[in-house]
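The structure file coords.txt is reproduced below (compact mmCIF, N, CA and C atoms and all ligand atoms).
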# COMPACT_ATOMS: atom_id res chain seq x y z
N MET A 501 21.28 -43.72 -1.41
CA MET A 501 21.25 -44.09 -2.82
C MET A 501 20.47 -45.38 -3.08
N ASN A 502 19.99 -46.06 -2.02
CA ASN A 502 19.41 -47.38 -2.24
C ASN A 502 18.54 -47.85 -1.09
N ARG A 503 17.83 -48.95 -1.35
CA ARG A 503 17.01 -49.57 -0.32
C ARG A 503 17.41 -51.03 -0.15
N SER A 504 18.62 -51.34 -0.49
CA SER A 504 19.12 -52.71 -0.44
C SER A 504 19.32 -53.18 1.00
N PRO A 505 19.09 -54.47 1.28
CA PRO A 505 19.38 -54.98 2.62
C PRO A 505 20.87 -55.08 2.90
N PHE A 506 21.70 -54.85 1.88
CA PHE A 506 23.14 -55.01 2.06
C PHE A 506 23.84 -53.70 2.38
N ILE A 507 23.07 -52.62 2.48
CA ILE A 507 23.68 -51.38 2.94
C ILE A 507 22.60 -50.53 3.60
N ASP A 508 22.89 -50.06 4.80
CA ASP A 508 21.99 -49.14 5.47
C ASP A 508 22.18 -47.77 4.81
N PRO A 509 21.09 -47.03 4.55
CA PRO A 509 21.27 -45.69 3.95
C PRO A 509 22.26 -44.84 4.73
N GLU A 510 22.36 -45.08 6.04
CA GLU A 510 23.32 -44.31 6.84
C GLU A 510 24.76 -44.64 6.46
N LEU A 511 24.96 -45.82 5.89
CA LEU A 511 26.32 -46.24 5.53
C LEU A 511 26.70 -45.81 4.12
N CYS A 512 25.70 -45.43 3.32
CA CYS A 512 26.00 -44.96 1.98
C CYS A 512 26.70 -43.62 2.09
N ARG A 513 27.87 -43.54 1.52
CA ARG A 513 28.67 -42.31 1.61
C ARG A 513 28.42 -41.38 0.44
N ARG A 514 27.41 -41.73 -0.37
CA ARG A 514 27.03 -40.90 -1.54
C ARG A 514 28.24 -40.62 -2.44
N CYS A 515 29.06 -41.66 -2.58
CA CYS A 515 30.25 -41.50 -3.43
C CYS A 515 29.85 -41.51 -4.91
N GLY A 516 28.65 -42.04 -5.21
CA GLY A 516 28.17 -42.05 -6.58
C GLY A 516 28.76 -43.14 -7.45
N ALA A 517 29.62 -43.97 -6.86
CA ALA A 517 30.30 -44.99 -7.67
C ALA A 517 29.30 -45.90 -8.39
N CYS A 518 28.19 -46.23 -7.70
CA CYS A 518 27.23 -47.16 -8.29
C CYS A 518 26.45 -46.53 -9.44
N CYS A 519 26.53 -45.22 -9.60
CA CYS A 519 25.79 -44.54 -10.66
C CYS A 519 26.72 -44.02 -11.77
N LYS A 520 28.03 -44.26 -11.57
CA LYS A 520 28.99 -43.78 -12.57
C LYS A 520 29.35 -44.87 -13.58
N SER A 521 29.09 -46.10 -13.20
CA SER A 521 29.32 -47.18 -14.16
C SER A 521 28.30 -48.28 -13.92
N PHE A 522 28.05 -49.06 -14.96
CA PHE A 522 27.05 -50.11 -14.91
C PHE A 522 27.64 -51.39 -15.47
N GLU A 523 27.14 -52.50 -14.99
CA GLU A 523 27.67 -53.78 -15.46
C GLU A 523 26.56 -54.68 -15.94
N ILE A 524 26.84 -55.42 -16.99
CA ILE A 524 25.96 -56.49 -17.45
C ILE A 524 26.78 -57.76 -17.35
N ASP A 525 26.31 -58.71 -16.55
CA ASP A 525 27.08 -59.93 -16.31
C ASP A 525 26.65 -61.06 -17.24
N TYR A 526 27.63 -61.74 -17.81
CA TYR A 526 27.38 -62.90 -18.67
C TYR A 526 28.04 -64.13 -18.06
N SER A 527 27.27 -65.20 -17.93
CA SER A 527 27.84 -66.44 -17.42
C SER A 527 28.76 -67.07 -18.46
N ARG A 528 29.84 -67.63 -18.00
CA ARG A 528 30.74 -68.33 -18.92
C ARG A 528 30.10 -69.61 -19.46
N ASN A 529 28.95 -69.98 -18.89
CA ASN A 529 28.26 -71.17 -19.38
C ASN A 529 27.54 -70.91 -20.71
N LEU A 530 27.43 -69.63 -21.07
CA LEU A 530 26.83 -69.33 -22.37
C LEU A 530 27.73 -69.87 -23.47
N ASP A 531 27.12 -70.22 -24.60
CA ASP A 531 27.96 -70.74 -25.68
C ASP A 531 28.71 -69.60 -26.37
N PRO A 532 29.72 -69.89 -27.16
CA PRO A 532 30.55 -68.84 -27.76
C PRO A 532 29.77 -67.85 -28.60
N ILE A 533 28.68 -68.29 -29.24
CA ILE A 533 27.88 -67.36 -30.04
C ILE A 533 27.28 -66.29 -29.15
N ASP A 534 26.75 -66.68 -27.97
CA ASP A 534 26.16 -65.69 -27.09
C ASP A 534 27.22 -64.74 -26.51
N LEU A 535 28.40 -65.26 -26.22
CA LEU A 535 29.44 -64.40 -25.68
C LEU A 535 29.87 -63.33 -26.69
N SER A 536 29.64 -63.56 -27.97
CA SER A 536 29.97 -62.53 -28.95
C SER A 536 29.06 -61.32 -28.80
N GLU A 537 27.97 -61.49 -28.02
CA GLU A 537 27.08 -60.37 -27.70
C GLU A 537 27.87 -59.22 -27.06
N ILE A 538 28.85 -59.55 -26.27
CA ILE A 538 29.66 -58.53 -25.60
C ILE A 538 30.32 -57.63 -26.63
N GLU A 539 30.91 -58.23 -27.65
CA GLU A 539 31.58 -57.43 -28.69
C GLU A 539 30.57 -56.62 -29.47
N ARG A 540 29.38 -57.20 -29.69
CA ARG A 540 28.35 -56.45 -30.44
C ARG A 540 27.91 -55.22 -29.67
N ILE A 541 27.72 -55.36 -28.34
CA ILE A 541 27.28 -54.21 -27.54
C ILE A 541 28.39 -53.17 -27.48
N LYS A 542 29.65 -53.60 -27.33
CA LYS A 542 30.76 -52.64 -27.30
C LYS A 542 30.78 -51.81 -28.58
N ALA A 543 30.56 -52.47 -29.71
CA ALA A 543 30.55 -51.76 -30.98
C ALA A 543 29.33 -50.85 -31.10
N LEU A 544 28.20 -51.34 -30.58
CA LEU A 544 26.95 -50.60 -30.70
C LEU A 544 27.00 -49.28 -29.94
N VAL A 545 27.46 -49.31 -28.69
CA VAL A 545 27.44 -48.09 -27.89
C VAL A 545 28.53 -47.13 -28.31
N GLY A 546 29.62 -47.64 -28.90
CA GLY A 546 30.60 -46.78 -29.54
C GLY A 546 31.32 -45.80 -28.64
N PHE A 547 31.55 -46.18 -27.38
CA PHE A 547 32.25 -45.26 -26.49
C PHE A 547 33.69 -45.70 -26.22
N GLY A 548 34.26 -46.49 -27.10
CA GLY A 548 35.66 -46.86 -26.99
C GLY A 548 36.03 -47.44 -25.66
N ASP A 549 37.04 -46.86 -25.02
CA ASP A 549 37.53 -47.45 -23.78
C ASP A 549 36.64 -47.14 -22.57
N ARG A 550 35.54 -46.49 -22.80
CA ARG A 550 34.59 -46.31 -21.69
C ARG A 550 33.74 -47.57 -21.50
N VAL A 551 33.85 -48.50 -22.41
CA VAL A 551 33.20 -49.80 -22.25
C VAL A 551 34.29 -50.86 -22.18
N THR A 552 34.41 -51.51 -21.03
CA THR A 552 35.46 -52.50 -20.82
C THR A 552 34.84 -53.81 -20.34
N THR A 553 35.67 -54.79 -20.14
CA THR A 553 35.18 -56.05 -19.58
C THR A 553 35.96 -56.39 -18.31
N ARG A 554 35.28 -57.09 -17.40
CA ARG A 554 35.92 -57.60 -16.19
C ARG A 554 35.61 -59.08 -16.11
N GLU A 555 36.62 -59.88 -15.89
CA GLU A 555 36.42 -61.32 -15.95
C GLU A 555 36.79 -61.98 -14.63
N ASP A 556 36.00 -62.97 -14.23
CA ASP A 556 36.41 -63.85 -13.15
C ASP A 556 36.12 -65.29 -13.58
N GLU A 557 36.22 -66.20 -12.65
CA GLU A 557 36.12 -67.61 -13.00
C GLU A 557 34.79 -67.97 -13.68
N ASP A 558 33.68 -67.38 -13.17
CA ASP A 558 32.36 -67.77 -13.66
C ASP A 558 31.72 -66.76 -14.62
N THR A 559 32.20 -65.53 -14.59
CA THR A 559 31.46 -64.46 -15.24
C THR A 559 32.37 -63.56 -16.07
N ILE A 560 31.84 -63.09 -17.19
CA ILE A 560 32.45 -61.99 -17.92
C ILE A 560 31.47 -60.83 -17.82
N SER A 561 31.94 -59.70 -17.30
CA SER A 561 31.07 -58.55 -17.12
C SER A 561 31.43 -57.45 -18.10
N LEU A 562 30.39 -56.91 -18.73
CA LEU A 562 30.56 -55.74 -19.57
C LEU A 562 30.41 -54.53 -18.67
N VAL A 563 31.46 -53.71 -18.56
CA VAL A 563 31.46 -52.56 -17.65
C VAL A 563 31.32 -51.29 -18.50
N ILE A 564 30.22 -50.59 -18.30
CA ILE A 564 29.94 -49.38 -19.07
C ILE A 564 30.22 -48.20 -18.16
N ASN A 565 31.34 -47.53 -18.40
CA ASN A 565 31.79 -46.44 -17.52
C ASN A 565 31.23 -45.10 -18.00
N ILE A 566 29.93 -44.97 -17.89
CA ILE A 566 29.24 -43.76 -18.32
C ILE A 566 28.29 -43.34 -17.19
N PRO A 567 28.49 -42.18 -16.58
CA PRO A 567 27.62 -41.76 -15.48
C PRO A 567 26.17 -41.64 -15.92
N CYS A 568 25.27 -41.96 -15.01
CA CYS A 568 23.84 -41.83 -15.28
C CYS A 568 23.48 -40.36 -15.44
N ARG A 569 22.53 -40.08 -16.35
CA ARG A 569 22.11 -38.70 -16.60
C ARG A 569 21.42 -38.08 -15.40
N TYR A 570 20.94 -38.89 -14.46
CA TYR A 570 20.23 -38.36 -13.29
C TYR A 570 21.14 -38.16 -12.08
N LEU A 571 22.41 -38.44 -12.23
CA LEU A 571 23.36 -38.29 -11.12
C LEU A 571 23.79 -36.82 -11.02
N VAL A 572 23.66 -36.25 -9.83
CA VAL A 572 24.08 -34.86 -9.63
C VAL A 572 25.07 -34.80 -8.47
N GLU A 573 26.01 -33.86 -8.58
CA GLU A 573 27.06 -33.72 -7.57
C GLU A 573 26.98 -32.33 -6.94
N GLU A 574 27.11 -32.30 -5.62
CA GLU A 574 27.15 -31.02 -4.92
C GLU A 574 28.14 -31.13 -3.78
N GLU A 575 29.19 -30.35 -3.84
CA GLU A 575 30.24 -30.34 -2.83
C GLU A 575 30.79 -31.73 -2.56
N GLY A 576 31.00 -32.48 -3.63
CA GLY A 576 31.62 -33.79 -3.52
C GLY A 576 30.69 -34.92 -3.15
N LEU A 577 29.42 -34.62 -2.90
CA LEU A 577 28.45 -35.67 -2.58
C LEU A 577 27.48 -35.82 -3.75
N TYR A 578 27.15 -37.05 -4.07
CA TYR A 578 26.30 -37.34 -5.22
C TYR A 578 24.90 -37.73 -4.77
N SER A 579 23.93 -37.39 -5.58
CA SER A 579 22.56 -37.82 -5.32
C SER A 579 21.84 -38.05 -6.64
N CYS A 580 20.68 -38.67 -6.51
CA CYS A 580 19.89 -39.07 -7.67
C CYS A 580 18.70 -38.13 -7.83
N GLN A 581 18.57 -37.54 -9.00
CA GLN A 581 17.47 -36.61 -9.25
C GLN A 581 16.11 -37.28 -9.26
N VAL A 582 16.08 -38.58 -9.48
CA VAL A 582 14.80 -39.28 -9.59
C VAL A 582 14.65 -40.34 -8.50
N TYR A 583 15.35 -40.12 -7.39
CA TYR A 583 15.38 -41.12 -6.30
C TYR A 583 13.97 -41.55 -5.88
N ASP A 584 13.06 -40.58 -5.76
CA ASP A 584 11.71 -40.90 -5.27
C ASP A 584 10.69 -41.00 -6.39
N ASP A 585 11.16 -41.22 -7.61
CA ASP A 585 10.26 -41.31 -8.75
C ASP A 585 10.32 -42.71 -9.37
N PRO A 586 9.44 -43.62 -8.92
CA PRO A 586 9.50 -45.00 -9.41
C PRO A 586 9.19 -45.13 -10.90
N GLN A 587 8.62 -44.07 -11.50
CA GLN A 587 8.35 -44.12 -12.93
C GLN A 587 9.65 -44.01 -13.74
N ARG A 588 10.64 -43.36 -13.16
CA ARG A 588 11.89 -43.16 -13.91
C ARG A 588 13.08 -43.90 -13.29
N ARG A 589 13.08 -44.11 -11.99
CA ARG A 589 14.24 -44.75 -11.35
C ARG A 589 14.10 -46.27 -11.47
N PRO A 590 15.07 -46.90 -12.12
CA PRO A 590 14.99 -48.35 -12.33
C PRO A 590 15.01 -49.13 -11.02
N LEU A 591 14.32 -50.26 -11.02
CA LEU A 591 14.33 -51.13 -9.84
C LEU A 591 15.74 -51.61 -9.51
N MET A 592 16.56 -51.76 -10.55
CA MET A 592 17.93 -52.25 -10.28
C MET A 592 18.67 -51.25 -9.39
N CYS A 593 18.30 -49.99 -9.47
CA CYS A 593 18.93 -48.98 -8.60
C CYS A 593 18.41 -49.12 -7.17
N GLU A 594 17.10 -49.31 -7.06
CA GLU A 594 16.48 -49.38 -5.74
C GLU A 594 17.04 -50.54 -4.94
N HIS A 595 17.41 -51.62 -5.62
CA HIS A 595 17.84 -52.82 -4.91
C HIS A 595 19.35 -53.02 -4.88
N PHE A 596 20.11 -52.03 -5.31
CA PHE A 596 21.58 -52.12 -5.27
C PHE A 596 22.07 -51.72 -3.88
N PRO A 597 23.15 -52.34 -3.34
CA PRO A 597 23.90 -53.44 -3.92
C PRO A 597 23.18 -54.78 -3.74
N TYR A 598 23.54 -55.73 -4.60
CA TYR A 598 22.89 -57.04 -4.63
C TYR A 598 23.71 -58.05 -3.82
N ALA A 599 23.13 -59.22 -3.64
CA ALA A 599 23.84 -60.29 -2.93
C ALA A 599 25.15 -60.61 -3.63
N SER A 600 25.18 -60.46 -4.95
CA SER A 600 26.38 -60.80 -5.71
C SER A 600 27.38 -59.65 -5.79
N SER A 601 27.03 -58.48 -5.26
CA SER A 601 27.92 -57.33 -5.35
C SER A 601 29.12 -57.50 -4.43
N SER A 602 30.18 -56.75 -4.75
CA SER A 602 31.39 -56.81 -3.94
C SER A 602 31.84 -55.38 -3.63
N ALA A 603 32.95 -55.29 -2.91
CA ALA A 603 33.51 -53.97 -2.57
C ALA A 603 33.93 -53.20 -3.82
N VAL A 604 34.13 -53.92 -4.92
CA VAL A 604 34.44 -53.22 -6.18
C VAL A 604 33.23 -52.42 -6.64
N ASP A 605 32.04 -52.98 -6.41
CA ASP A 605 30.80 -52.33 -6.84
C ASP A 605 30.38 -51.21 -5.88
N CYS A 606 30.44 -51.51 -4.58
CA CYS A 606 30.10 -50.51 -3.56
C CYS A 606 31.10 -50.67 -2.42
N PRO A 607 31.97 -49.69 -2.23
CA PRO A 607 33.02 -49.84 -1.21
C PRO A 607 32.49 -49.83 0.21
N HIS A 608 31.20 -49.52 0.40
CA HIS A 608 30.69 -49.41 1.76
C HIS A 608 29.59 -50.41 2.08
N MET A 609 29.37 -51.37 1.21
CA MET A 609 28.31 -52.34 1.52
C MET A 609 28.71 -53.24 2.67
N GLN A 610 27.73 -53.65 3.45
CA GLN A 610 27.97 -54.54 4.58
C GLN A 610 26.90 -55.63 4.56
N ARG A 611 27.34 -56.84 4.56
CA ARG A 611 26.40 -57.96 4.51
C ARG A 611 25.71 -58.15 5.86
N GLY A 612 24.39 -58.44 5.80
CA GLY A 612 23.64 -58.74 7.01
C GLY A 612 23.46 -57.55 7.93
N LYS A 613 23.57 -56.33 7.37
CA LYS A 613 23.46 -55.15 8.23
C LYS A 613 22.04 -54.96 8.72
N ARG A 614 21.05 -55.26 7.86
CA ARG A 614 19.66 -55.08 8.29
C ARG A 614 18.94 -56.40 8.26
S1 LIG B 701 28.61 -47.16 -4.25
FE1 LIG B 701 27.71 -47.65 -2.25
S2 LIG B 701 28.36 -45.99 -0.88
FE2 LIG B 701 28.68 -45.28 -3.00
S3 LIG B 701 26.77 -44.18 -3.50
FE3 LIG B 701 26.54 -46.30 -4.21
S4 LIG B 701 25.49 -47.36 -2.51
FE4 LIG B 701 26.35 -45.44 -1.69
S1 LIG B 702 18.64 -43.45 -11.73
FE1 LIG B 702 19.49 -42.56 -9.87
S2 LIG B 702 20.09 -44.33 -8.61
FE2 LIG B 702 19.85 -45.06 -10.74
S3 LIG B 702 21.88 -44.94 -11.70
FE3 LIG B 702 20.80 -43.00 -12.11
S4 LIG B 702 21.41 -41.60 -10.47
FE4 LIG B 702 21.89 -43.69 -9.82
Just give me the structure as structure tokens.
Ligand code: SF4
Ligand code: SF4
Amino acid sequence: MNRSPFIDPELCRRCGACCKSFEIDYSRNLDPIDLSEIERIKALVGFGDRVTTREDEDTISLVINIPCRYLVEEEGLYSCQVYDDPQRRPLMCEHFPYASSSAVDCPHMQRGKR
């Protein structure tokens, strides 16, 4: 599912978790006006409880629990229909998981594997 240095393709279990939800991270250092952006986006996308927030000490993350349209499942394993199409597959997908990712984002990532 990725070309990230934090997971070897052999370690990706094709669980599809990284393609079933997406996050936009906001630093708590933003002023209160900018943080209201989170509420504006939640209202804009209009998917009710499919858009939630996750908070930690430094960050408020907008979690959009909507599977990608290119995600396909076959016998419990997920794959990307546009994996080899750089015109359609976002770079953020190619480089996931990131240095800032955790086991919540990808349960199989391993730091320093490659
Ligand atoms: S969450 Fe991790 S293990 Fe699951 S498909 Fe994505 S990269 Fe692979
Ligand atoms: S484009 Fe492919 S890799 Fe990116 S979220 Fe969709 S299914 Fe996953």
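Within the 7 Å cut-off around A:Tyr526, using only C-alpha atoms and omitting residues fewer than 2 positions from it on the same chain, the listed residues are Ile524, Arg528, Thr559, Ile560 and Ser561 of chain A.
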Expected axis-aligned box over every listed atom of ligand LIG 701 (chain B), 4 Å added per side, centre plus edges in Å to one decimal, as JSON:
{"center_x": 27.1, "center_y": -45.9, "center_z": -2.6, "size_x": 11.2, "size_y": 11.5, "size_z": 11.4}
Could you list, as a PyMOL selection string, all protein and nucleic acid residues with an atom at most 6 Å from ligand LIG 701 (chain B), counting only N, CA and C atoms and all ligand atoms?
chain A and resi 501-502+511-519+596-597+605-609
Once you have the residues from the selection above, write them out as a PDB file, in the frame of the given file, restricted to N, CA and C atoms.
ATOM      1  N   MET A 501      21.280 -43.720  -1.410  1.00  0.00           N
ATOM      2  CA  MET A 501      21.250 -44.090  -2.820  1.00  0.00           C
ATOM      3  C   MET A 501      20.470 -45.380  -3.080  1.00  0.00           C
ATOM      4  N   ASN A 502      19.990 -46.060  -2.020  1.00  0.00           N
ATOM      5  CA  ASN A 502      19.410 -47.380  -2.240  1.00  0.00           C
ATOM      6  C   ASN A 502      18.540 -47.850  -1.090  1.00  0.00           C
ATOM      7  N   LEU A 511      24.960 -45.820   5.890  1.00  0.00           N
ATOM      8  CA  LEU A 511      26.320 -46.240   5.530  1.00  0.00           C
ATOM      9  C   LEU A 511      26.700 -45.810   4.120  1.00  0.00           C
ATOM     10  N   CYS A 512      25.700 -45.430   3.320  1.00  0.00           N
ATOM     11  CA  CYS A 512      26.000 -44.960   1.980  1.00  0.00           C
ATOM     12  C   CYS A 512      26.700 -43.620   2.090  1.00  0.00           C
ATOM     13  N   ARG A 513      27.870 -43.540   1.520  1.00  0.00           N
ATOM     14  CA  ARG A 513      28.670 -42.310   1.610  1.00  0.00           C
ATOM     15  C   ARG A 513      28.420 -41.380   0.440  1.00  0.00           C
ATOM     16  N   ARG A 514      27.410 -41.730  -0.370  1.00  0.00           N
ATOM     17  CA  ARG A 514      27.030 -40.900  -1.540  1.00  0.00           C
ATOM     18  C   ARG A 514      28.240 -40.620  -2.440  1.00  0.00           C
ATOM     19  N   CYS A 515      29.060 -41.660  -2.580  1.00  0.00           N
ATOM     20  CA  CYS A 515      30.250 -41.500  -3.430  1.00  0.00           C
ATOM     21  C   CYS A 515      29.850 -41.510  -4.910  1.00  0.00           C
ATOM     22  N   GLY A 516      28.650 -42.040  -5.210  1.00  0.00           N
ATOM     23  CA  GLY A 516      28.170 -42.050  -6.580  1.00  0.00           C
ATOM     24  C   GLY A 516      28.760 -43.140  -7.450  1.00  0.00           C
ATOM     25  N   ALA A 517      29.620 -43.970  -6.860  1.00  0.00           N
ATOM     26  CA  ALA A 517      30.300 -44.990  -7.670  1.00  0.00           C
ATOM     27  C   ALA A 517      29.300 -45.900  -8.390  1.00  0.00           C
ATOM     28  N   CYS A 518      28.190 -46.230  -7.700  1.00  0.00           N
ATOM     29  CA  CYS A 518      27.230 -47.160  -8.290  1.00  0.00           C
ATOM     30  C   CYS A 518      26.450 -46.530  -9.440  1.00  0.00           C
ATOM     31  N   CYS A 519      26.530 -45.220  -9.600  1.00  0.00           N
ATOM     32  CA  CYS A 519      25.790 -44.540 -10.660  1.00  0.00           C
ATOM     33  C   CYS A 519      26.720 -44.020 -11.770  1.00  0.00           C
ATOM     34  N   PHE A 596      20.110 -52.030  -5.310  1.00  0.00           N
ATOM     35  CA  PHE A 596      21.580 -52.120  -5.270  1.00  0.00           C
ATOM     36  C   PHE A 596      22.070 -51.720  -3.880  1.00  0.00           C
ATOM     37  N   PRO A 597      23.150 -52.340  -3.340  1.00  0.00           N
ATOM     38  CA  PRO A 597      23.900 -53.440  -3.920  1.00  0.00           C
ATOM     39  C   PRO A 597      23.180 -54.780  -3.740  1.00  0.00           C
ATOM     40  N   ASP A 605      32.040 -52.980  -6.410  1.00  0.00           N
ATOM     41  CA  ASP A 605      30.800 -52.330  -6.840  1.00  0.00           C
ATOM     42  C   ASP A 605      30.380 -51.210  -5.880  1.00  0.00           C
ATOM     43  N   CYS A 606      30.440 -51.510  -4.580  1.00  0.00           N
ATOM     44  CA  CYS A 606      30.100 -50.510  -3.560  1.00  0.00           C
ATOM     45  C   CYS A 606      31.100 -50.670  -2.420  1.00  0.00           C
ATOM     46  N   PRO A 607      31.970 -49.690  -2.230  1.00  0.00           N
ATOM     47  CA  PRO A 607      33.020 -49.840  -1.210  1.00  0.00           C
ATOM     48  C   PRO A 607      32.490 -49.830   0.210  1.00  0.00           C
ATOM     49  N   HIS A 608      31.200 -49.520   0.400  1.00  0.00           N
ATOM     50  CA  HIS A 608      30.690 -49.410   1.760  1.00  0.00           C
ATOM     51  C   HIS A 608      29.590 -50.410   2.080  1.00  0.00           C
ATOM     52  N   MET A 609      29.370 -51.370   1.210  1.00  0.00           N
ATOM     53  CA  MET A 609      28.310 -52.340   1.520  1.00  0.00           C
ATOM     54  C   MET A 609      28.710 -53.240   2.670  1.00  0.00           C
TER      55      MET A 609
END
For ligand LIG 702 (chain B), the nearest of the candidates A:Glu537, A:Asp508, A:Asp584, A:Asp558, counting only N, CA and C atoms and all ligand atoms
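Looking only at the distances to ligand LIG 702 (chain B), the closest residue turns out to be A:Asp584.
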Tell me, counting only N, CA and C atoms and all ligand atoms, for each residue of chain A within 7 Å of ligand LIG 702 (chain B), which pair of atoms is nearest and how far apart they are in Å to one decimal, in rows ordered by chain and increasing number, as CSV.
residue,atom,partner,partner_atom,distance
A:Met501,C,B:LIG702,S2,5.6
A:Asn502,N,B:LIG702,S2,6.8
A:Cys518,C,B:LIG702,S3,5.3
A:Cys519,CA,B:LIG702,S3,4.1
A:Lys520,N,B:LIG702,S3,6.2
A:Pro567,C,B:LIG702,FE3,6.7
A:Cys568,CA,B:LIG702,FE3,4.5
A:Arg569,N,B:LIG702,FE3,5.4
A:Tyr570,C,B:LIG702,S4,3.8
A:Leu571,N,B:LIG702,S4,3.8
A:Val572,N,B:LIG702,S4,5.8
A:Ser579,C,B:LIG702,S4,5.2
A:Cys580,CA,B:LIG702,S4,4.1
A:Gln581,N,B:LIG702,S4,5.2
A:Val582,N,B:LIG702,FE1,5.3
A:Tyr583,N,B:LIG702,FE1,5.4
A:Arg588,C,B:LIG702,S1,5.8
A:Arg589,CA,B:LIG702,S1,4.6
A:Pro590,N,B:LIG702,S1,5.0
A:Met592,C,B:LIG702,FE2,6.4
A:Cys593,CA,B:LIG702,FE2,4.6
A:Glu594,N,B:LIG702,S2,6.0
To test your reading of the structure, identify every residue in chain A that backbone DSSP assigns to helix (DSSP H, G or I), and report it as a PyMOL selection string.
chain A and resi 517-520+532-545+548-550+591-594
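Across the structure, atom CA of A:Asn565 and atom CA of A:Lys542 are spaced 11.6 Å apart.
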